[in-house]
$ cat upload02.cif   # mmCIF, C-alpha atoms and all ligand atoms
data_run
#
loop_
_atom_site.label_atom_id
_atom_site.label_comp_id
_atom_site.auth_asym_id
_atom_site.auth_seq_id
_atom_site.Cartn_x
_atom_site.Cartn_y
_atom_site.Cartn_z
CA MET A 1 67.11 -130.98 67.10
CA ILE A 2 69.17 -130.38 63.94
CA ALA A 3 69.78 -126.61 63.90
CA HIS A 4 68.90 -124.59 60.82
CA SER A 5 72.29 -122.87 60.94
CA ARG A 6 75.39 -123.03 63.10
CA PRO A 7 78.72 -121.20 63.05
CA THR A 8 81.81 -123.26 62.16
CA VAL A 9 84.54 -122.29 64.63
CA SER A 10 87.75 -124.08 65.56
CA GLU A 11 90.33 -124.12 68.32
CA GLU A 12 92.66 -122.24 65.97
CA ASP A 13 90.01 -119.47 65.65
CA ALA A 14 89.85 -119.22 69.45
CA LEU A 15 93.65 -119.04 69.75
CA ARG A 16 93.88 -116.27 67.16
CA VAL A 17 91.28 -114.18 69.02
CA ALA A 18 92.93 -114.92 72.38
CA ALA A 19 96.27 -113.70 71.03
CA VAL A 20 94.70 -110.33 70.22
CA VAL A 21 93.05 -110.13 73.63
CA ARG A 22 96.41 -110.85 75.29
CA SER A 23 98.15 -108.22 73.15
CA GLY A 24 96.01 -105.50 74.70
CA ARG A 25 95.37 -103.89 71.27
CA LEU A 26 91.70 -104.62 70.94
CA ALA A 27 90.10 -101.97 68.71
CA GLN A 28 90.55 -101.36 64.97
CA GLY A 29 94.24 -101.78 64.07
CA ALA A 30 96.65 -104.13 62.34
CA GLU A 31 94.32 -107.16 62.39
CA VAL A 32 91.57 -105.16 60.67
CA GLU A 33 94.05 -103.96 58.03
CA GLY A 34 95.23 -107.52 57.43
CA PHE A 35 91.67 -108.79 57.18
CA GLU A 36 90.79 -106.05 54.69
CA ARG A 37 93.78 -106.88 52.46
CA ALA A 38 93.00 -110.61 52.52
CA LEU A 39 89.32 -110.00 51.78
CA ALA A 40 90.02 -107.64 48.86
CA GLY A 41 92.39 -110.24 47.43
CA TYR A 42 89.82 -113.00 47.80
CA LEU A 43 87.11 -110.94 46.10
CA GLY A 44 89.44 -109.75 43.34
CA VAL A 45 89.03 -106.02 44.05
CA ALA A 46 91.44 -103.22 44.92
CA ALA A 47 90.35 -102.46 48.49
CA ALA A 48 88.01 -103.34 51.34
CA ALA A 49 86.86 -101.48 54.45
CA ALA A 50 85.75 -103.62 57.39
CA VAL A 51 82.75 -102.35 59.35
CA SER A 52 80.51 -103.43 62.21
CA SER A 53 77.81 -105.30 60.24
CA GLY A 54 76.41 -106.04 56.81
CA SER A 55 73.75 -103.42 57.49
CA ALA A 56 76.43 -100.79 58.17
CA ALA A 57 78.23 -101.90 55.00
CA LEU A 58 75.07 -101.40 52.92
CA GLU A 59 74.38 -97.97 54.41
CA LEU A 60 77.96 -96.75 53.97
CA ALA A 61 78.23 -98.17 50.43
CA LEU A 62 75.03 -96.45 49.33
CA ALA A 63 76.03 -93.15 50.94
CA ALA A 64 79.46 -93.34 49.29
CA LEU A 65 77.70 -93.71 45.92
CA GLY A 66 75.64 -90.59 46.55
CA ALA A 67 72.36 -92.00 47.87
CA GLY A 68 70.67 -89.39 50.03
CA PRO A 69 67.62 -87.12 50.24
CA GLY A 70 65.88 -86.81 46.85
CA GLY A 71 67.44 -90.05 45.61
CA GLU A 72 66.05 -93.55 45.12
CA VAL A 73 67.67 -96.96 45.48
CA VAL A 74 66.17 -100.07 43.85
CA VAL A 75 66.30 -103.14 46.13
CA PRO A 76 64.70 -106.60 45.81
CA THR A 77 61.56 -107.12 47.89
CA TYR A 78 62.37 -110.83 48.34
CA ALA A 79 65.32 -110.15 50.65
CA CYS A 80 66.01 -109.22 54.25
CA ASP A 81 64.79 -105.97 55.78
CA ALA A 82 68.38 -104.71 56.15
CA LEU A 83 68.21 -103.48 52.54
CA HIS A 84 65.20 -101.27 53.20
CA HIS A 85 66.68 -99.92 56.43
CA ALA A 86 70.03 -99.08 54.81
CA VAL A 87 68.33 -96.99 52.13
CA THR A 88 66.10 -95.07 54.54
CA ARG A 89 69.04 -94.42 56.89
CA CYS A 90 70.78 -92.68 53.97
CA GLY A 91 67.71 -90.48 53.57
CA ALA A 92 66.89 -92.00 50.17
CA VAL A 93 63.69 -93.76 49.08
CA PRO A 94 63.71 -97.57 48.66
CA VAL A 95 62.05 -98.72 45.44
CA LEU A 96 61.18 -102.41 45.54
CA ALA A 97 61.70 -104.78 42.62
CA ASP A 98 60.11 -108.19 42.10
CA ALA A 99 62.03 -111.46 42.16
CA ASP A 100 63.41 -113.59 39.34
CA PRO A 101 61.89 -117.06 39.83
CA GLU A 102 64.98 -118.69 38.26
CA THR A 103 67.65 -117.15 40.51
CA LEU A 104 65.47 -116.02 43.49
CA GLY A 105 67.36 -112.71 43.25
CA PRO A 106 65.99 -109.46 41.77
CA SER A 107 64.43 -109.60 38.31
CA ALA A 108 66.57 -107.53 35.93
CA LYS A 109 63.48 -106.70 33.84
CA ASP A 110 61.53 -105.47 36.84
CA VAL A 111 64.51 -103.47 38.12
CA ALA A 112 64.82 -101.83 34.68
CA ARG A 113 61.16 -100.74 34.85
CA ARG A 114 61.75 -99.04 38.19
CA VAL A 115 64.92 -97.08 37.38
CA THR A 116 64.30 -93.31 37.09
CA PRO A 117 66.54 -90.22 36.82
CA ARG A 118 66.49 -90.16 40.64
CA THR A 119 67.97 -93.68 40.99
CA ARG A 120 71.34 -93.51 42.72
CA ALA A 121 72.03 -97.25 42.93
CA VAL A 122 70.59 -100.74 42.46
CA VAL A 123 71.31 -103.39 45.08
CA VAL A 124 71.69 -106.83 43.49
CA VAL A 125 71.59 -109.57 46.11
CA HIS A 126 73.37 -112.79 45.18
CA PRO A 127 70.62 -114.83 46.81
CA PHE A 128 71.33 -117.64 49.26
CA GLY A 129 74.81 -118.22 47.81
CA LEU A 130 74.10 -118.01 44.06
CA ALA A 131 76.15 -115.60 41.93
CA VAL A 132 73.65 -113.95 39.57
CA ASP A 133 74.53 -112.76 36.06
CA LEU A 134 75.21 -109.03 36.41
CA ASP A 135 75.26 -108.09 32.71
CA GLU A 136 71.65 -106.88 32.50
CA PHE A 137 71.98 -104.91 35.75
CA LEU A 138 75.27 -103.28 34.74
CA ALA A 139 73.71 -102.30 31.38
CA LEU A 140 71.20 -100.07 33.20
CA GLY A 141 73.88 -97.40 33.60
CA VAL A 142 73.25 -97.03 37.34
CA PRO A 143 75.81 -97.98 40.05
CA VAL A 144 75.28 -101.60 41.08
CA VAL A 145 75.95 -102.64 44.68
CA GLU A 146 76.55 -106.38 44.82
CA ASP A 147 75.20 -107.73 48.10
CA CYS A 148 77.50 -110.68 48.82
CA ALA A 149 76.25 -111.23 52.39
CA GLN A 150 75.40 -114.81 51.41
CA ALA A 151 77.69 -115.40 48.44
CA ILE A 152 81.38 -114.74 49.15
CA GLY A 153 83.26 -117.35 47.12
CA ALA A 154 80.61 -117.80 44.42
CA ALA A 155 81.60 -116.95 40.84
CA TYR A 156 79.83 -116.27 37.55
CA GLY A 157 81.77 -116.94 34.35
CA GLY A 158 84.94 -117.30 36.38
CA ARG A 159 84.55 -113.87 38.00
CA PRO A 160 84.00 -113.70 41.77
CA ALA A 161 80.69 -112.36 43.06
CA GLY A 162 81.50 -108.87 44.30
CA SER A 163 84.15 -108.06 41.70
CA ARG A 164 82.07 -106.35 38.99
CA GLY A 165 79.71 -103.87 40.64
CA ALA A 166 80.46 -100.31 41.74
CA LEU A 167 80.86 -101.78 45.24
CA ALA A 168 80.33 -105.09 47.05
CA VAL A 169 79.00 -105.51 50.58
CA CYS A 170 79.61 -108.47 52.87
CA SER A 171 78.18 -109.63 56.21
CA PHE A 172 80.10 -111.68 58.75
CA TYR A 173 77.21 -112.44 61.08
CA ALA A 174 77.64 -115.61 63.18
CA THR A 175 76.02 -117.99 60.69
CA LYS A 176 77.29 -116.45 57.46
CA LEU A 177 79.84 -118.16 55.15
CA LEU A 178 82.61 -116.78 57.31
CA THR A 179 82.07 -114.99 60.56
CA THR A 180 83.42 -112.34 62.90
CA GLY A 181 80.41 -112.72 65.25
CA GLU A 182 78.94 -109.50 63.89
CA GLY A 183 80.68 -107.60 61.13
CA GLY A 184 80.70 -106.57 57.52
CA ALA A 185 82.75 -104.99 54.76
CA VAL A 186 82.52 -102.75 51.72
CA ALA A 187 84.83 -103.75 48.87
CA GLY A 188 85.70 -102.25 45.49
CA PRO A 189 87.83 -99.54 43.88
CA SER A 190 90.17 -97.70 46.29
CA GLY A 191 88.67 -94.22 45.90
CA VAL A 192 85.12 -95.06 46.88
CA VAL A 193 86.27 -97.51 49.60
CA GLU A 194 88.30 -94.63 51.04
CA ARG A 195 85.04 -92.67 51.43
CA VAL A 196 83.65 -95.58 53.44
CA ARG A 197 86.77 -95.62 55.65
CA ASP A 198 86.26 -91.93 56.31
CA ALA A 199 82.59 -92.36 57.25
CA ARG A 200 83.06 -95.30 59.65
CA ASP A 201 85.12 -93.32 62.18
CA TYR A 202 84.41 -89.84 63.62
CA ASP A 203 87.57 -89.35 65.65
CA GLU A 204 89.99 -86.43 65.10
CA ARG A 205 88.46 -85.00 61.91
CA GLU A 206 88.54 -81.31 61.13
CA ASP A 207 85.07 -81.14 59.56
CA LEU A 208 81.70 -82.42 60.72
CA ARG A 209 80.56 -84.41 57.68
CA PRO A 210 78.12 -87.18 58.73
CA ARG A 211 80.10 -90.00 60.34
CA PHE A 212 79.47 -92.60 62.98
CA ASN A 213 81.34 -95.37 64.80
CA TYR A 214 80.92 -98.33 62.45
CA LYS A 215 84.31 -99.90 63.13
CA LEU A 216 85.23 -103.57 63.49
CA THR A 217 87.58 -104.59 66.33
CA ASP A 218 90.92 -106.38 65.98
CA MET A 219 89.43 -109.24 68.03
CA GLN A 220 86.74 -109.71 65.39
CA ALA A 221 89.19 -109.26 62.50
CA ALA A 222 91.48 -111.96 63.92
CA LEU A 223 88.54 -114.36 63.80
CA GLY A 224 87.71 -113.16 60.28
CA ARG A 225 91.28 -113.79 59.04
CA SER A 226 91.29 -117.25 60.54
CA GLN A 227 87.90 -118.03 58.98
CA LEU A 228 88.79 -116.59 55.58
CA ALA A 229 91.80 -118.93 55.41
CA ARG A 230 89.32 -121.85 55.65
CA LEU A 231 86.55 -120.41 53.47
CA ASP A 232 87.33 -122.59 50.44
CA ALA A 233 87.12 -125.70 52.64
CA PHE A 234 83.82 -124.46 54.13
CA ILE A 235 82.42 -123.96 50.62
CA ALA A 236 83.60 -127.40 49.48
CA ARG A 237 81.72 -128.96 52.42
CA ARG A 238 78.58 -126.90 51.69
CA ARG A 239 78.68 -128.07 48.06
CA ALA A 240 79.11 -131.69 49.15
CA ILE A 241 76.04 -131.41 51.41
CA ALA A 242 74.09 -129.81 48.56
CA ALA A 243 75.04 -132.67 46.24
CA ARG A 244 73.95 -135.20 48.86
CA TYR A 245 70.62 -133.41 49.32
CA ARG A 246 70.08 -133.12 45.56
CA GLY A 247 70.60 -136.84 45.06
CA ALA A 248 68.40 -137.88 47.98
CA LEU A 249 65.58 -135.43 47.25
CA ALA A 250 65.32 -136.33 43.56
CA GLY A 251 63.01 -139.22 44.38
CA ILE A 252 60.73 -137.33 46.76
CA ALA A 253 57.42 -136.06 45.39
CA GLY A 254 56.33 -132.50 46.13
CA CYS A 255 59.85 -131.11 46.56
CA ARG A 256 62.05 -129.50 43.90
CA PRO A 257 65.75 -129.06 44.81
CA PRO A 258 67.85 -126.39 43.05
CA ARG A 259 69.74 -127.31 39.87
CA ASP A 260 73.48 -127.95 40.12
CA LEU A 261 75.07 -124.68 39.03
CA GLY A 262 78.70 -125.55 39.78
CA GLU A 263 80.92 -122.60 40.75
CA ARG A 264 77.95 -120.22 40.79
CA HIS A 265 76.60 -121.55 44.10
CA VAL A 266 78.16 -121.71 47.57
CA TYR A 267 74.94 -122.84 49.34
CA HIS A 268 74.71 -120.41 52.19
CA ARG A 269 71.18 -121.75 52.07
CA PHE A 270 69.90 -124.93 50.43
CA VAL A 271 66.51 -123.77 49.23
CA VAL A 272 63.91 -126.20 47.89
CA ALA A 273 60.48 -125.43 46.41
CA VAL A 274 57.60 -127.36 47.95
CA ASP A 275 53.95 -127.75 46.99
CA ARG A 276 52.62 -127.66 50.55
CA PRO A 277 51.66 -124.74 52.85
CA LEU A 278 54.94 -123.88 54.56
CA GLY A 279 53.67 -123.18 58.08
CA PRO A 280 52.41 -126.72 58.79
CA LEU A 281 55.37 -128.25 56.92
CA ILE A 282 57.91 -126.34 59.05
CA ALA A 283 55.99 -127.41 62.18
CA GLY A 284 56.00 -131.03 60.95
CA LEU A 285 59.76 -130.89 60.42
CA GLU A 286 60.23 -129.42 63.88
CA ARG A 287 58.24 -132.32 65.41
CA ARG A 288 60.65 -134.63 63.58
CA GLY A 289 63.73 -132.90 64.99
CA VAL A 290 64.65 -130.60 62.09
CA ALA A 291 64.69 -126.80 62.15
CA ALA A 292 63.86 -125.50 58.65
CA ARG A 293 62.99 -121.89 57.77
CA ARG A 294 61.63 -119.68 55.06
CA PRO A 295 64.85 -118.27 53.52
CA VAL A 296 63.25 -114.81 53.60
CA PHE A 297 61.24 -114.12 56.74
CA ARG A 298 58.77 -111.97 54.81
CA PRO A 299 59.13 -109.97 51.56
CA ILE A 300 59.58 -106.25 52.24
CA HIS A 301 56.53 -105.17 50.20
CA ARG A 302 54.28 -107.09 52.60
CA ALA A 303 55.46 -105.00 55.56
CA LEU A 304 54.68 -101.87 53.52
CA GLY A 305 51.25 -103.14 52.43
CA LEU A 306 52.21 -103.00 48.74
CA ASP A 307 50.87 -105.18 45.90
CA GLY A 308 52.38 -105.98 42.53
CA TYR A 309 55.13 -108.46 43.40
CA PRO A 310 53.68 -111.77 42.16
CA GLU A 311 56.98 -113.66 41.84
CA ALA A 312 58.13 -112.71 45.33
CA GLU A 313 54.72 -113.82 46.64
CA ARG A 314 55.10 -117.18 44.90
CA LEU A 315 58.62 -117.70 46.23
CA TRP A 316 57.55 -116.73 49.74
CA ALA A 317 54.78 -119.34 49.58
CA GLN A 318 56.98 -122.13 48.18
CA CYS A 319 60.61 -121.75 49.27
CA LEU A 320 62.00 -123.65 52.21
CA SER A 321 65.57 -123.51 53.54
CA LEU A 322 67.01 -126.77 54.90
CA PRO A 323 70.00 -127.00 57.30
CA CYS A 324 73.23 -126.55 55.27
CA TYR A 325 76.52 -125.62 56.96
CA PRO A 326 80.01 -127.12 57.13
CA SER A 327 79.55 -128.82 60.52
CA LEU A 328 76.37 -130.64 59.40
CA THR A 329 77.25 -134.34 59.20
CA ASP A 330 76.22 -136.69 56.39
CA GLY A 331 74.07 -138.53 58.95
CA GLU A 332 72.30 -135.29 59.88
CA ALA A 333 71.72 -134.46 56.21
CA ASP A 334 70.16 -137.89 55.68
CA ALA A 335 67.96 -137.35 58.75
CA VAL A 336 66.80 -134.02 57.28
CA VAL A 337 65.80 -135.78 54.04
CA ALA A 338 63.96 -138.51 55.93
CA ALA A 339 62.11 -135.93 58.03
CA LEU A 340 61.15 -133.92 54.94
CA ALA A 341 59.89 -137.02 53.13
CA ALA A 342 57.79 -137.98 56.16
CA ALA A 343 56.45 -134.45 56.69
CA LEU A 344 55.49 -134.16 53.00
CA ALA A 345 53.75 -137.53 53.08
CA ALA A 346 51.81 -136.81 56.31
C1 LIG B 401 71.37 -110.30 51.73
C2 LIG B 401 71.69 -109.63 53.05
N1 LIG B 401 72.14 -108.37 53.06
C3 LIG B 401 72.44 -107.75 54.21
C4 LIG B 401 72.31 -108.37 55.44
C5 LIG B 401 72.60 -107.64 56.69
O1 LIG B 401 73.72 -108.14 57.37
P1 LIG B 401 73.91 -107.97 58.95
O2 LIG B 401 72.99 -108.92 59.63
O3 LIG B 401 75.37 -108.32 59.16
O4 LIG B 401 73.62 -106.56 59.30
C6 LIG B 401 71.84 -109.68 55.47
C7 LIG B 401 71.68 -110.36 56.77
O5 LIG B 401 71.36 -111.48 56.91
C8 LIG B 401 71.54 -110.34 54.25
O6 LIG B 401 71.08 -111.60 54.22
#
$ encode --input "upload02.cif" --output "structure tokens" --more "lines below"
Ligand SMILES: Cc1ncc(COP(=O)(O)O)c(C=O)c1O
Amino acid sequence: MIAHSRPTVSEEDALRVAAVVRSGRLAQGAEVEGFERALAGYLGVAAAAAVSSGSAALELALAALGAGPGGEVVVPTYACDALHHAVTRCGAVPVLADADPETLGPSAKDVARRVTPRTRAVVVVHPFGLAVDLDEFLALGVPVVEDCAQAIGAAYGGRPAGSRGALAVCSFYATKLLTTGEGGAVAGPSGVVERVRDARDYDEREDLRPRFNYKLTDMQAALGRSQLARLDAFIARRRAIAARYRGALAGIAGCRPPRDLGERHVYHRFVVAVDRPLGPLIAGLERRGVAARRPVFRPIHRALGLDGYPEAERLWAQCLSLPCYPSLTDGEADAVVAALAAALAA
């Protein structure tokens, strides 16, 4: 079976983690600080605070921007549930926005319709590895949180995803672009990142402001530093796989691959649009040895029983994510194409 996703780890990664284990200094310390500096440099921002997950990063970023009881946060419905959970954990109300069928991220026009005087932030997901144009979102006059969980290394107009919003959040889950097993980060201007640092650790503080243990360990950060040093190579391999897929899929009826968008896309997911019901197609691929997935398990509005998100509905019905990760071989990519062609023709 060709896996849908797989971490890319090396012997060097293992040695770097082992060195921390042997040092006996396991919890948040010098490795975390080094990882934060390297990450901020990579994203082109002043500072970064490493935390225990992308979910924690979202929650702490929103809280640092003032989201709380009485406030609202606009999030895309065609995205993972972590966005909804992060808003409710702050005590704010999630307001869902429809998708943009071009980018698969949030529609700037629909977000604009849903902004009110109570809006504390808008979360713009760079979907599946594509850096979206932030201009229309920034023009709303509301703090923009760039969700870079799937898009570290992507750039729009030469500017890295994560470098223009009020804050950026990252996830380092096992199958993300770079991994610490579980982990995340909030990145941006020093002042607001400092608020995140304060909130991720409760120990030895005079006051009792809301805090929790959201820290990353030095063992995880050592892996993160090692991975970040290879991120550009990972992205180059993802782009090469995407180019191979694009060429091979061009001749296959009933399947539309994404356009080549150059530096804008790092292909955390390679998402195609298909004209067939996805359930049977995914089962057909599985019978042929390929694990493919919907890139979004289910739009958030569906879990809430809400209507009025026609573009997200369309994307949910049509979008299919094919295996795309640095350790996928050319032979495996060709086998994925052959399986998709056969499943579509069946
Ligand atoms: C766009 C997006 N944001 C946030 C998250 C949450 O990250 P984590 O799983 O590290 O909590 C994910 C997870 O996949 C994600 O895809």
$ residues_near_ligand --input "upload02.cif" --ligand "ligand LIG 401 (chain B)" --cutoff "6 Å" --atoms "only C-alpha atoms and all ligand atoms" --output "ChimeraX atom specification"
/A:53-55,80,82,125,147,149,171-173,183-184
$ write_last_selection --input "upload02.cif" --atoms "C-alpha atoms" --output "PDB file, keeping the file's coordinate frame"
ATOM      1  CA  SER A  53      77.810-105.300  60.240  1.00  0.00           C
ATOM      2  CA  GLY A  54      76.410-106.040  56.810  1.00  0.00           C
ATOM      3  CA  SER A  55      73.750-103.420  57.490  1.00  0.00           C
ATOM      4  CA  CYS A  80      66.010-109.220  54.250  1.00  0.00           C
ATOM      5  CA  ALA A  82      68.380-104.710  56.150  1.00  0.00           C
ATOM      6  CA  VAL A 125      71.590-109.570  46.110  1.00  0.00           C
ATOM      7  CA  ASP A 147      75.200-107.730  48.100  1.00  0.00           C
ATOM      8  CA  ALA A 149      76.250-111.230  52.390  1.00  0.00           C
ATOM      9  CA  SER A 171      78.180-109.630  56.210  1.00  0.00           C
ATOM     10  CA  PHE A 172      80.100-111.680  58.750  1.00  0.00           C
ATOM     11  CA  TYR A 173      77.210-112.440  61.080  1.00  0.00           C
ATOM     12  CA  GLY A 183      80.680-107.600  61.130  1.00  0.00           C
ATOM     13  CA  GLY A 184      80.700-106.570  57.520  1.00  0.00           C
TER      14      GLY A 184
END
$ closest_residue --input "upload02.cif" --among "A:Thr119, A:Val75, A:Arg164, A:Arg269" --to "A:Asp135" --atoms "only C-alpha atoms"
A:Arg164
$ closest_residue --input "upload02.cif" --among "A:Ala3, A:Asp334, A:Gly158, A:Gly41" --to "A:Ser321" --atoms "all atoms listed in the file"
A:Ala3
$ closest_residue --input "upload02.cif" --among "A:Val271, A:Gly181, A:Ala243, A:Val336" --to "A:Val9" --atoms "only C-alpha atoms"
A:Gly181
$ residues_around --input "upload02.cif" --residues "A:Arg16" --least-positions-apart "4" --cutoff "12 Å" --atoms "only C-alpha atoms" --output "PyMOL selection string"
chain A and resi 9-12+20-23+31+180+218-227
$ write_last_selection --input "upload02.cif" --atoms "C-alpha atoms" --output "CSV table (one decimal), in the coordinates of the input"
chain,number,residue,atom,x,y,z
A,9,VAL,CA,84.5,-122.3,64.6
A,10,SER,CA,87.8,-124.1,65.6
A,11,GLU,CA,90.3,-124.1,68.3
A,12,GLU,CA,92.7,-122.2,66.0
A,20,VAL,CA,94.7,-110.3,70.2
A,21,VAL,CA,93.0,-110.1,73.6
A,22,ARG,CA,96.4,-110.8,75.3
A,23,SER,CA,98.2,-108.2,73.2
A,31,GLU,CA,94.3,-107.2,62.4
A,180,THR,CA,83.4,-112.3,62.9
A,218,ASP,CA,90.9,-106.4,66.0
A,219,MET,CA,89.4,-109.2,68.0
A,220,GLN,CA,86.7,-109.7,65.4
A,221,ALA,CA,89.2,-109.3,62.5
A,222,ALA,CA,91.5,-112.0,63.9
A,223,LEU,CA,88.5,-114.4,63.8
A,224,GLY,CA,87.7,-113.2,60.3
A,225,ARG,CA,91.3,-113.8,59.0
A,226,SER,CA,91.3,-117.2,60.5
A,227,GLN,CA,87.9,-118.0,59.0
$ residues_around --input "upload02.cif" --residues "stretch 287-297 of chain A" --least-positions-apart "3" --cutoff "7 Å" --atoms "all atoms listed in the file" --output "PyMOL selection string"
chain A and resi 1-4+78-80+282-284+319-323+336+339
$ atom_distance --input "upload02.cif" --atom1 "atom CA of A:Ala47" --atom2 "atom CA of A:Ala168"
10.5 Å
$ residues_around --input "upload02.cif" --residues "A:Arg209" --least-positions-apart "3" --cutoff "12 Å" --atoms "only C-alpha atoms" --output "PyMOL selection string"
chain A and resi 63+195+198-203+205-206+212
$ residues_around --input "upload02.cif" --residues "A:Arg120" --least-positions-apart "4" --cutoff "8 Å" --atoms "all atoms listed in the file" --output "list of chain:residue names"
A:Leu65, A:Gly66, A:Ala67, A:Gly71, A:Glu72, A:Val73, A:Val142, A:Pro143
$ residues_around --input "upload02.cif" --residues "A:Asp98" --least-positions-apart "5" --cutoff "12 Å" --atoms "all atoms listed in the file" --output "number ranges by chain"
A: 74-79, 103-114, 124, 299-301, 306-316
